[in-house]
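Structure data (mmCIF, C-alpha atoms and all ligand atoms) from input.cif:
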```cif
data_final
loop_
_atom_site.label_atom_id
_atom_site.label_comp_id
_atom_site.auth_asym_id
_atom_site.auth_seq_id
_atom_site.Cartn_x
_atom_site.Cartn_y
_atom_site.Cartn_z
CA MET P 103 8.73 -20.72 14.53
CA ALA P 104 11.74 -21.83 12.51
CA LEU P 105 13.82 -18.70 13.09
CA GLN P 106 13.52 -16.95 16.41
CA PHE P 107 15.06 -13.71 17.73
CA VAL P 108 15.88 -13.66 21.42
CA SER P 109 17.29 -10.88 23.53
CA SER P 110 18.81 -11.29 26.98
CA PRO P 111 21.04 -9.33 29.36
CA SER P 112 23.49 -12.19 29.72
CA ALA P 113 25.37 -14.36 27.30
CA VAL P 114 23.78 -17.63 26.36
CA SER P 115 26.10 -19.57 28.61
CA ARG P 116 26.27 -22.82 26.74
CA GLU P 117 25.94 -23.26 23.04
CA THR P 118 22.86 -25.29 22.16
CA GLY P 119 23.65 -25.74 18.48
CA SER P 120 20.65 -23.73 17.38
CA GLU P 121 22.43 -20.34 17.38
CA LEU P 122 22.75 -18.76 13.96
CA GLY P 123 24.31 -15.47 15.04
CA GLY P 124 23.48 -12.15 16.56
CA ALA P 125 24.75 -8.99 18.16
CA LEU P 126 26.28 -7.90 21.42
CA VAL P 127 24.92 -4.43 22.13
CA GLY P 128 26.12 -2.10 24.86
CA GLU P 129 29.28 -2.33 26.93
CA PRO P 130 32.12 -4.62 25.84
CA PRO P 131 31.89 -7.89 27.77
CA SER P 132 34.35 -8.70 30.51
CA GLY P 133 34.09 -12.44 29.97
CA ALA P 134 33.93 -14.80 27.03
CA VAL P 135 32.08 -13.90 23.86
CA PRO P 136 29.89 -16.38 22.01
CA VAL P 137 31.48 -18.65 19.42
CA TRP P 138 28.78 -17.97 16.83
CA PRO P 139 28.94 -14.87 14.60
CA VAL P 140 28.30 -11.85 16.79
CA GLN P 141 28.33 -8.24 15.68
CA ARG P 142 29.83 -6.06 18.38
CA VAL P 143 27.74 -2.92 18.72
CA PHE P 144 29.59 -1.18 21.52
CA ALA P 145 27.53 1.90 22.31
CA PRO P 146 26.14 3.19 25.61
CA LEU P 147 22.66 1.78 26.27
CA LEU P 148 20.13 4.37 27.47
CA GLY P 149 17.49 3.57 30.06
CA ALA P 150 18.50 -0.10 30.18
CA THR P 151 18.63 -2.29 33.25
CA SER P 152 21.77 -4.08 32.10
CA ALA P 153 25.10 -2.91 30.68
CA ALA P 154 24.80 -5.12 27.63
CA ILE P 155 22.23 -7.05 25.64
CA HIS P 156 22.88 -10.28 23.79
CA GLU P 157 20.66 -10.63 20.75
CA THR P 158 20.61 -14.03 19.07
CA TRP P 159 18.88 -15.61 16.11
CA LEU P 160 17.99 -19.23 16.88
CA SER P 161 16.96 -21.83 14.35
CA ASP P 162 15.21 -25.14 14.79
CA GLN P 163 16.93 -26.39 11.62
CA PRO P 164 20.43 -27.92 11.44
CA VAL P 165 23.07 -25.17 11.54
CA VAL P 166 26.35 -25.23 9.60
CA ALA P 167 29.22 -22.88 10.51
CA GLY P 168 31.96 -21.42 8.34
CA CYS P 169 34.60 -18.76 8.04
CA CYS P 170 35.74 -17.28 4.77
CA GLU P 171 37.81 -14.18 3.87
CA GLY P 172 37.28 -12.74 7.34
CA ILE P 173 33.54 -13.38 7.37
CA VAL P 174 32.30 -15.49 10.26
CA TRP P 175 29.02 -17.08 9.24
CA ARG P 176 26.42 -19.68 10.02
CA ARG P 177 23.71 -20.99 7.83
CA THR P 178 20.70 -23.21 7.88
CA ASN P 179 18.28 -24.37 5.26
CA GLY P 180 17.57 -21.28 3.15
CA LEU P 181 19.35 -18.54 5.08
CA LEU P 182 22.76 -17.35 6.23
CA TYR P 183 23.89 -14.84 8.87
CA GLY P 184 27.41 -13.44 8.81
CA VAL P 185 29.61 -10.75 10.30
CA ILE P 186 32.70 -9.08 8.86
CA GLU P 187 34.89 -6.51 10.59
CA LEU P 188 37.62 -4.72 8.67
CA ASP P 189 40.34 -2.40 9.92
CA GLU P 190 40.49 0.63 7.63
CA ALA P 191 44.23 0.94 8.31
CA ASP P 192 44.71 -2.21 6.22
CA PHE P 193 43.36 -0.28 3.22
CA ALA P 194 45.52 2.83 3.61
CA ALA P 195 47.52 2.04 0.48
CA SER P 196 44.50 1.50 -1.73
CA ALA P 197 44.47 3.38 -5.00
CA LYS P 198 40.67 3.50 -4.89
CA GLY P 199 39.54 6.47 -2.86
CA SER P 200 39.83 6.66 0.91
CA PRO P 201 40.70 3.70 3.14
CA LEU P 202 37.07 3.59 4.30
CA GLN P 203 35.77 3.56 0.74
CA ALA P 204 38.16 0.73 -0.16
CA ALA P 205 37.32 -1.25 2.98
CA SER P 206 33.59 -0.86 2.34
CA GLU P 207 33.89 -2.05 -1.23
CA GLU P 208 36.04 -5.00 -0.19
CA ALA P 209 33.65 -6.03 2.61
CA TYR P 210 30.67 -6.10 0.25
CA ARG P 211 32.65 -7.92 -2.46
CA ARG P 212 33.54 -10.64 0.05
CA ILE P 213 29.92 -10.86 1.19
CA PHE P 214 28.68 -11.29 -2.38
CA ARG P 215 31.33 -13.95 -3.11
CA LEU P 216 30.25 -15.89 -0.03
CA LEU P 217 26.55 -15.61 -0.87
CA ASP P 218 27.18 -16.87 -4.41
CA ALA P 219 29.28 -19.79 -3.13
CA GLU P 220 26.68 -20.74 -0.50
CA GLN P 221 23.78 -20.32 -2.91
CA VAL P 222 21.94 -17.84 -0.73
CA PRO P 223 22.29 -14.98 -3.20
CA HIS P 224 19.62 -12.64 -1.86
CA LEU P 225 20.77 -10.06 0.66
CA TRP P 226 17.84 -9.43 3.00
CA ARG P 227 19.11 -7.13 5.75
CA VAL P 228 22.46 -5.44 6.44
CA TRP P 229 23.66 -3.73 9.64
CA ASN P 230 26.52 -1.28 8.89
CA TYR P 231 28.59 0.40 11.63
CA LEU P 232 31.61 2.66 11.27
CA SER P 233 33.44 5.21 13.35
CA ALA P 234 33.31 9.00 12.92
CA ILE P 235 30.48 8.72 10.38
CA ASN P 236 30.04 12.50 10.01
CA LEU P 237 33.74 13.35 9.86
CA GLU P 238 34.93 14.95 6.64
CA THR P 239 38.29 13.67 5.39
CA ASP P 240 39.81 14.76 2.09
CA GLY P 241 36.72 16.83 1.38
CA LEU P 242 34.12 14.07 1.74
CA GLU P 243 32.09 12.95 4.76
CA ARG P 244 32.93 9.42 5.78
CA TYR P 245 29.33 8.21 5.35
CA ARG P 246 29.54 9.36 1.74
CA GLN P 247 32.86 7.53 1.30
CA PHE P 248 31.15 4.39 2.59
CA ASN P 249 28.32 4.88 0.09
CA ILE P 250 30.78 4.96 -2.82
CA GLY P 251 32.46 1.72 -1.77
CA ARG P 252 29.15 -0.02 -1.10
CA GLN P 253 27.60 0.97 -4.42
CA ASP P 254 30.76 0.06 -6.38
CA ALA P 255 30.62 -3.45 -4.91
CA PHE P 256 26.94 -3.87 -5.80
CA LEU P 257 27.57 -2.76 -9.39
CA ASP P 258 30.80 -4.71 -9.90
CA CYS P 259 29.18 -7.85 -8.50
CA HIS P 260 26.26 -7.44 -10.92
CA ARG P 261 23.76 -6.72 -8.18
CA ASP P 262 20.87 -4.32 -8.50
CA ALA P 263 21.78 -0.99 -6.88
CA THR P 264 18.20 0.26 -7.11
CA GLY P 265 14.86 -1.40 -6.50
CA ASN P 266 15.72 -4.86 -5.32
CA VAL P 267 18.17 -3.84 -2.56
CA PRO P 268 18.42 -4.93 1.09
CA ALA P 269 17.00 -3.26 4.16
CA ALA P 270 19.82 -1.64 6.13
CA CYS P 271 21.07 0.78 8.71
CA ALA P 272 24.34 2.76 8.66
CA ILE P 273 25.34 4.12 12.04
CA GLY P 274 28.34 5.78 13.60
CA LEU P 275 29.92 4.16 16.66
CA ALA P 276 32.88 5.68 18.46
CA GLY P 277 36.00 3.58 17.99
CA SER P 278 34.32 0.91 15.86
CA PRO P 279 36.01 -0.87 13.00
CA LEU P 280 33.97 -1.08 9.81
CA SER P 281 31.52 -3.75 10.99
CA ILE P 282 28.90 -5.30 8.74
CA ALA P 283 26.42 -8.00 9.70
CA PHE P 284 24.03 -9.43 7.18
CA MET P 285 21.25 -11.92 6.69
CA ALA P 286 20.77 -13.47 3.26
CA GLY P 287 18.50 -16.08 1.83
CA ALA P 288 17.80 -18.51 -0.95
CA LEU P 289 14.55 -16.72 -1.78
CA PRO P 290 14.40 -13.08 -2.87
CA ALA P 291 13.17 -10.43 -0.46
CA VAL P 292 10.22 -8.21 -1.26
CA ALA P 293 11.73 -4.73 -1.08
CA LEU P 294 9.58 -2.02 0.51
CA GLU P 295 9.69 1.70 -0.19
CA ASN P 296 8.04 4.60 1.61
CA PRO P 297 5.58 6.79 -0.35
CA ARG P 298 6.51 9.73 1.93
CA GLN P 299 10.18 9.50 0.97
CA VAL P 300 12.32 9.53 -2.15
CA SER P 301 13.94 6.10 -2.35
CA ALA P 302 17.41 6.39 -0.85
CA TYR P 303 18.96 4.94 -4.02
CA ASN P 304 17.44 7.93 -5.86
CA TYR P 305 18.67 10.63 -3.48
CA PRO P 306 20.03 13.63 -5.39
CA ALA P 307 23.77 14.31 -5.46
CA ASP P 308 23.43 16.92 -2.65
CA TYR P 309 23.77 13.95 -0.28
CA GLY P 310 26.96 12.62 -1.83
CA PRO P 311 28.39 11.49 -5.15
CA ARG P 312 26.73 8.07 -4.84
CA SER P 313 23.33 7.28 -3.44
CA PRO P 314 23.00 4.88 -0.53
CA THR P 315 22.13 1.32 -1.55
CA PHE P 316 19.24 0.24 0.66
CA SER P 317 15.47 -0.14 0.65
CA ARG P 318 13.14 1.19 3.34
CA GLY P 319 12.35 -2.34 4.43
CA THR P 320 12.08 -5.94 3.32
CA LEU P 321 9.73 -8.86 3.73
CA VAL P 322 11.84 -12.01 3.76
CA TYR P 323 11.02 -15.68 3.73
CA PRO P 324 12.74 -18.27 5.86
CA PRO P 325 10.91 -21.62 5.51
CA ALA P 326 7.28 -21.28 6.68
CA GLN P 327 7.94 -17.78 8.00
CA GLU P 328 7.79 -14.12 7.05
CA ILE P 329 10.01 -11.52 8.68
CA LEU P 330 9.53 -7.79 8.29
CA PHE P 331 12.70 -5.74 8.52
CA ILE P 332 12.27 -1.97 8.67
CA SER P 333 15.48 -0.12 7.81
CA GLY P 334 16.92 2.64 9.90
CA THR P 335 14.26 5.36 9.62
CA ALA P 336 14.72 9.04 10.37
CA SER P 337 13.01 12.40 10.08
CA ILE P 338 13.28 12.67 6.31
CA VAL P 339 10.37 13.58 4.02
CA GLY P 340 11.04 13.54 0.30
CA HIS P 341 14.81 13.62 0.54
CA GLU P 342 15.08 16.45 3.07
CA THR P 343 15.56 16.41 6.81
CA VAL P 344 12.49 17.79 8.55
CA ALA P 345 12.22 19.23 12.07
CA PRO P 346 15.94 20.02 12.41
CA GLY P 347 16.73 20.85 16.03
CA ASP P 348 13.29 19.59 17.19
CA VAL P 349 13.73 16.19 18.77
CA ALA P 350 10.02 15.56 19.47
CA GLY P 351 9.21 16.58 15.91
CA GLN P 352 11.84 14.16 14.58
CA CYS P 353 10.26 11.38 16.66
CA ARG P 354 6.85 12.06 15.11
CA GLU P 355 8.21 12.18 11.55
CA SER P 356 10.31 9.05 12.03
CA MET P 357 7.28 7.14 13.34
CA ALA P 358 5.10 8.47 10.53
CA ASN P 359 7.71 7.04 8.15
CA ILE P 360 7.71 3.70 9.94
CA ALA P 361 3.90 3.64 9.83
CA ALA P 362 4.05 4.25 6.08
CA VAL P 363 6.50 1.37 5.57
CA VAL P 364 4.32 -0.89 7.74
CA ALA P 365 1.35 0.04 5.55
CA GLU P 366 3.37 -0.95 2.47
CA ALA P 367 4.31 -4.21 4.20
CA ASN P 368 0.65 -4.90 4.91
CA ARG P 369 -0.20 -4.32 1.27
CA LEU P 370 2.44 -6.83 0.12
CA CYS P 371 2.74 -9.38 2.94
CA ARG P 372 1.59 -13.00 2.82
CA SER P 373 0.81 -13.25 6.53
CA GLY P 374 -1.61 -11.17 8.59
CA PRO P 375 -1.18 -7.44 9.11
CA TYR P 376 1.73 -5.95 11.07
CA ALA P 377 1.05 -3.31 13.73
CA LEU P 378 3.38 -0.68 15.21
CA THR P 379 2.73 -2.12 18.65
CA ASP P 380 4.07 -5.58 17.84
CA LEU P 381 7.38 -4.65 16.28
CA SER P 382 10.63 -4.78 18.21
CA TYR P 383 12.65 -1.59 17.94
CA ARG P 384 16.22 -0.33 18.13
CA VAL P 385 16.53 3.46 18.54
CA TYR P 386 19.81 5.30 17.92
CA VAL P 387 20.02 8.59 19.84
CA ARG P 388 22.65 11.13 18.80
CA GLN P 389 22.70 13.11 22.07
CA ALA P 390 22.12 11.16 25.27
CA THR P 391 20.52 14.30 26.74
CA ASP P 392 17.61 13.86 24.28
CA PHE P 393 16.81 10.36 25.53
CA ARG P 394 13.98 11.26 27.92
CA VAL P 395 12.16 13.39 25.38
CA ILE P 396 12.55 10.66 22.77
CA ARG P 397 11.25 7.95 25.10
CA GLU P 398 8.27 10.08 26.08
CA SER P 399 7.51 10.97 22.46
CA LEU P 400 7.67 7.38 21.26
CA ALA P 401 5.81 5.71 24.15
CA PRO P 402 2.29 6.69 23.03
CA LEU P 403 3.06 5.71 19.44
CA ILE P 404 4.70 2.36 20.11
CA GLY P 405 2.98 1.18 23.28
CA PRO P 406 4.62 -1.53 25.34
CA ALA P 407 6.78 -2.81 22.47
CA GLU P 408 10.33 -3.94 23.08
CA ILE P 409 12.69 -0.98 22.51
CA VAL P 410 16.48 -0.85 22.87
CA TYR P 411 17.90 2.67 23.03
CA MET P 412 21.56 3.49 22.52
CA GLN P 413 23.75 6.51 21.95
CA ALA P 414 25.16 6.53 18.43
CA ASP P 415 25.72 8.87 15.50
CA ILE P 416 23.30 9.21 12.60
CA CYS P 417 24.46 9.63 9.01
CA ARG P 418 23.28 13.23 8.57
CA HIS P 419 24.52 15.80 11.07
CA ASP P 420 21.01 17.29 11.47
CA LEU P 421 19.33 13.97 12.33
CA LEU P 422 18.91 13.49 16.08
CA LEU P 423 17.64 9.92 16.01
CA GLU P 424 17.07 6.89 13.82
CA ILE P 425 14.68 4.02 14.49
CA GLU P 426 14.74 0.49 13.07
CA ALA P 427 12.27 -2.29 13.72
CA MET P 428 11.34 -5.85 12.90
CA ALA P 429 8.65 -8.46 13.39
CA SER P 430 8.12 -12.09 12.53
CA HIS P 431 5.01 -14.02 11.50
CA SER P 432 4.67 -17.70 10.84
CA LEU P 433 3.13 -18.73 7.55
CA GLU P 434 0.53 -21.45 7.40
CA GLU P 435 1.61 -24.15 5.04
CA ALA P 436 -1.06 -24.43 2.38
C1 LIG P 501 18.03 7.89 5.52
O1 LIG P 501 16.83 7.61 5.45
C2 LIG P 501 18.65 7.82 6.89
O2 LIG P 501 23.01 4.01 4.29
O3 LIG P 501 22.36 2.00 4.78
C3 LIG P 501 18.98 4.84 7.07
C4 LIG P 501 19.07 3.47 6.81
C5 LIG P 501 19.97 5.68 6.61
C6 LIG P 501 20.14 2.95 6.09
C7 LIG P 501 22.25 3.23 4.85
C8 LIG P 501 21.05 5.15 5.91
C9 LIG P 501 21.13 3.79 5.64
O4 LIG P 501 18.70 8.26 4.55
C10 LIG P 501 19.94 7.13 6.90
#
```
As structure tokens - that is how I would like this structure written.
Ligand code: 3EB
Amino acid sequence: MALQFVSSPSAVSRETGSELGGALVGEPPSGAVPVWPVQRVFAPLLGATSAAIHETWLSDQPVVAGCCEGIVWRRTNGLLYGVIELDEADFAASAKGSPLQAASEEAYRRIFRLLDAEQVPHLWRVWNYLSAINLETDGLERYRQFNIGRQDAFLDCHRDATGNVPAACAIGLAGSPLSIAFMAGALPAVALENPRQVSAYNYPADYGPRSPTFSRGTLVYPPAQEILFISGTASIVGHETVAPGDVAGQCRESMANIAAVVAEANRLCRSGPYALTDLSYRVYVRQATDFRVIRESLAPLIGPAEIVYMQADICRHDLLLEIEAMASHSLEEA
């Protein structure tokens, strides 16, 4: 397969030239970090056999590297992976809302400028991390500040802020800078929504002055390949949190939502059907003490699939977990 996702407890020791980028999840490393774009997701792993996991996208196509306006990126034929980290303190003097709002808007503006310049205009998947995501400052929760900056950048850069929007997650990590990784492509994604949920870009104003700009999932098309990205998915039906305070109930609702997005993917995909048991999962757990219940609740629904669990904060205070997933199929050339 042209683009491959690999996960390993140790750093890829020597660069092979096929690395596009990835993430370093878990404890900060004591030694060297990879030279390719790596998103640092420093959060305690739960139930893992290693302190950290190196996740890497590998390509069998020639890879070109670049760095622009603080974005470290690599690209190959038809797709680009990049990472940007911004320090909110650098935006303290901004006239536009809070430092976080200004940093979020600036990060997305830079991403869109890069994608235009590199002619990979279609944002496929975005991984957003910020610190203290539920903290209210100046009367507005920080996640909601982030949503204002993100949506402003989409609108000002003449991007759709509804419908054709990327898959995403937005997660709180203690002590993290604003960190955004993204994958973009030359071909548009097929955006997926969930019939059980109001589209996030249509959430009512109860959840903040601006709606979040993401789809429930995307089908994306590297050459001869189809990848399914399922966005961060939580215990939300319609637009409301369900099963507050009930961690097993939130597991069931989250998986019912993922199953509904997979069903949409299977309606729209070009490859064969996707199944819950052949996705690879990342699960964000708000309270480490809920981990065992979550693992036991998910096991019968997911089977032996690859699952990485970590402690992190979810964007609504009443959500106890969030689950994201992905899978890849090769496409037969006609
Ligand atoms: C939700 O469904 C839960 O703001 O990018 C999930 C995935 C969530 C992505 C984002 C937020 C985001 O509203 C939260």
> If you count only C-alpha atoms and all ligand atoms, which residues end up within 10 Å of ligand LIG 501 (chain P), as a VMD selection string?
Replying inline: chain P and resid 227 to 231 245 to 246 248 to 249 252 268 to 273 299 to 303 305 309 313 to 319 332 to 343 356 359 416 to 418 421 423 to 426
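Excluding P:Pro279 itself and same-chain residues fewer than 3 positions from it, the residues having an atom within 9 Å of it are P:Glu187, P:Leu188, P:Asp189, P:Glu190, P:Tyr231, P:Leu232, P:Ser233, P:Leu275, counting only C-alpha atoms.
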Would you save the residues of that selection, restricted to C-alpha atoms, as a PDB file, keeping the file's coordinate frame?
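part_9.pdb was written with the following content:
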```pdb
ATOM      1  CA  GLU P 187      34.890  -6.510  10.590  1.00  0.00           C
ATOM      2  CA  LEU P 188      37.620  -4.720   8.670  1.00  0.00           C
ATOM      3  CA  ASP P 189      40.340  -2.400   9.920  1.00  0.00           C
ATOM      4  CA  GLU P 190      40.490   0.630   7.630  1.00  0.00           C
ATOM      5  CA  TYR P 231      28.590   0.400  11.630  1.00  0.00           C
ATOM      6  CA  LEU P 232      31.610   2.660  11.270  1.00  0.00           C
ATOM      7  CA  SER P 233      33.440   5.210  13.350  1.00  0.00           C
ATOM      8  CA  LEU P 275      29.920   4.160  16.660  1.00  0.00           C
TER       9      LEU P 275
END
```
Please provide the set of residues having any atom within 10 Å of stretch 171-176 of chain P, restricted to all atoms listed in the file, with same-chain residues fewer than 4 positions apart removed, written as a short mmCIF file (atom, residue, chain, number, x, y, z; two decimals) with C-alpha atoms, keeping the file's coordinate frame.
```cif
data_model
loop_
_atom_site.label_atom_id
_atom_site.label_comp_id
_atom_site.auth_asym_id
_atom_site.auth_seq_id
_atom_site.Cartn_x
_atom_site.Cartn_y
_atom_site.Cartn_z
CA GLU P 121 22.43 -20.34 17.38
CA LEU P 122 22.75 -18.76 13.96
CA GLY P 123 24.31 -15.47 15.04
CA VAL P 137 31.48 -18.65 19.42
CA TRP P 138 28.78 -17.97 16.83
CA PRO P 139 28.94 -14.87 14.60
CA VAL P 140 28.30 -11.85 16.79
CA GLN P 141 28.33 -8.24 15.68
CA VAL P 165 23.07 -25.17 11.54
CA VAL P 166 26.35 -25.23 9.60
CA ALA P 167 29.22 -22.88 10.51
CA LEU P 181 19.35 -18.54 5.08
CA LEU P 182 22.76 -17.35 6.23
CA TYR P 183 23.89 -14.84 8.87
CA GLY P 184 27.41 -13.44 8.81
CA VAL P 185 29.61 -10.75 10.30
CA ILE P 186 32.70 -9.08 8.86
CA GLU P 187 34.89 -6.51 10.59
CA LEU P 188 37.62 -4.72 8.67
CA ALA P 209 33.65 -6.03 2.61
CA ARG P 212 33.54 -10.64 0.05
CA ILE P 213 29.92 -10.86 1.19
CA ARG P 215 31.33 -13.95 -3.11
CA LEU P 216 30.25 -15.89 -0.03
CA ILE P 282 28.90 -5.30 8.74
CA ALA P 283 26.42 -8.00 9.70
CA PHE P 284 24.03 -9.43 7.18
CA MET P 285 21.25 -11.92 6.69
#
```
>> With distances taken over only C-alpha atoms, which residue among P:Ser112, P:Gln413, P:Thr320, P:Asn368 lies nearest P:Val385?
In response: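 Between P:Ser112, P:Gln413, P:Thr320, P:Asn368, the residue approaching P:Val385 most closely is P:Gln413.
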>> Could you check the closest approach to P:Val267 for each of P:Gly251, P:Gly351, P:Gly124, P:Pro223 and tell me which residue wins, using all atoms listed in the file?
In response: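 Closest to P:Val267 of all the choices is P:Pro223.
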>> Report, in Å to a single decimal, how far apart atom CA of P:Ser109 and atom CA of P:Ile396 are.
In response: 22.1 Å
>> Just the number, please: distance in Å from atom CA of P:Glu207 to atom CA of P:His419, one decimal.
In response: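 Result for atom CA of P:Glu207 versus atom CA of P:His419: 23.6 Å, one decimal.
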> So, counting only C-alpha atoms, which residue among P:Thr178, P:Gln253, P:Thr118, P:Asn296 is closest to P:Arg211?
Replying inline: P:Gln253
>> What does the structure give for the distance between atom CA of P:Leu400 and atom CA of P:Asp380, in Å to one decimal?
In response: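 Straight-line distance from atom CA of P:Leu400 to atom CA of P:Asp380 works out to 13.9 Å.
Between P:Val135 and the candidates P:Leu294, P:Glu117, P:Ser152, P:Gly274, the tightest atom-to-atom separation, counting all atoms listed in the file, involves P:Glu117.
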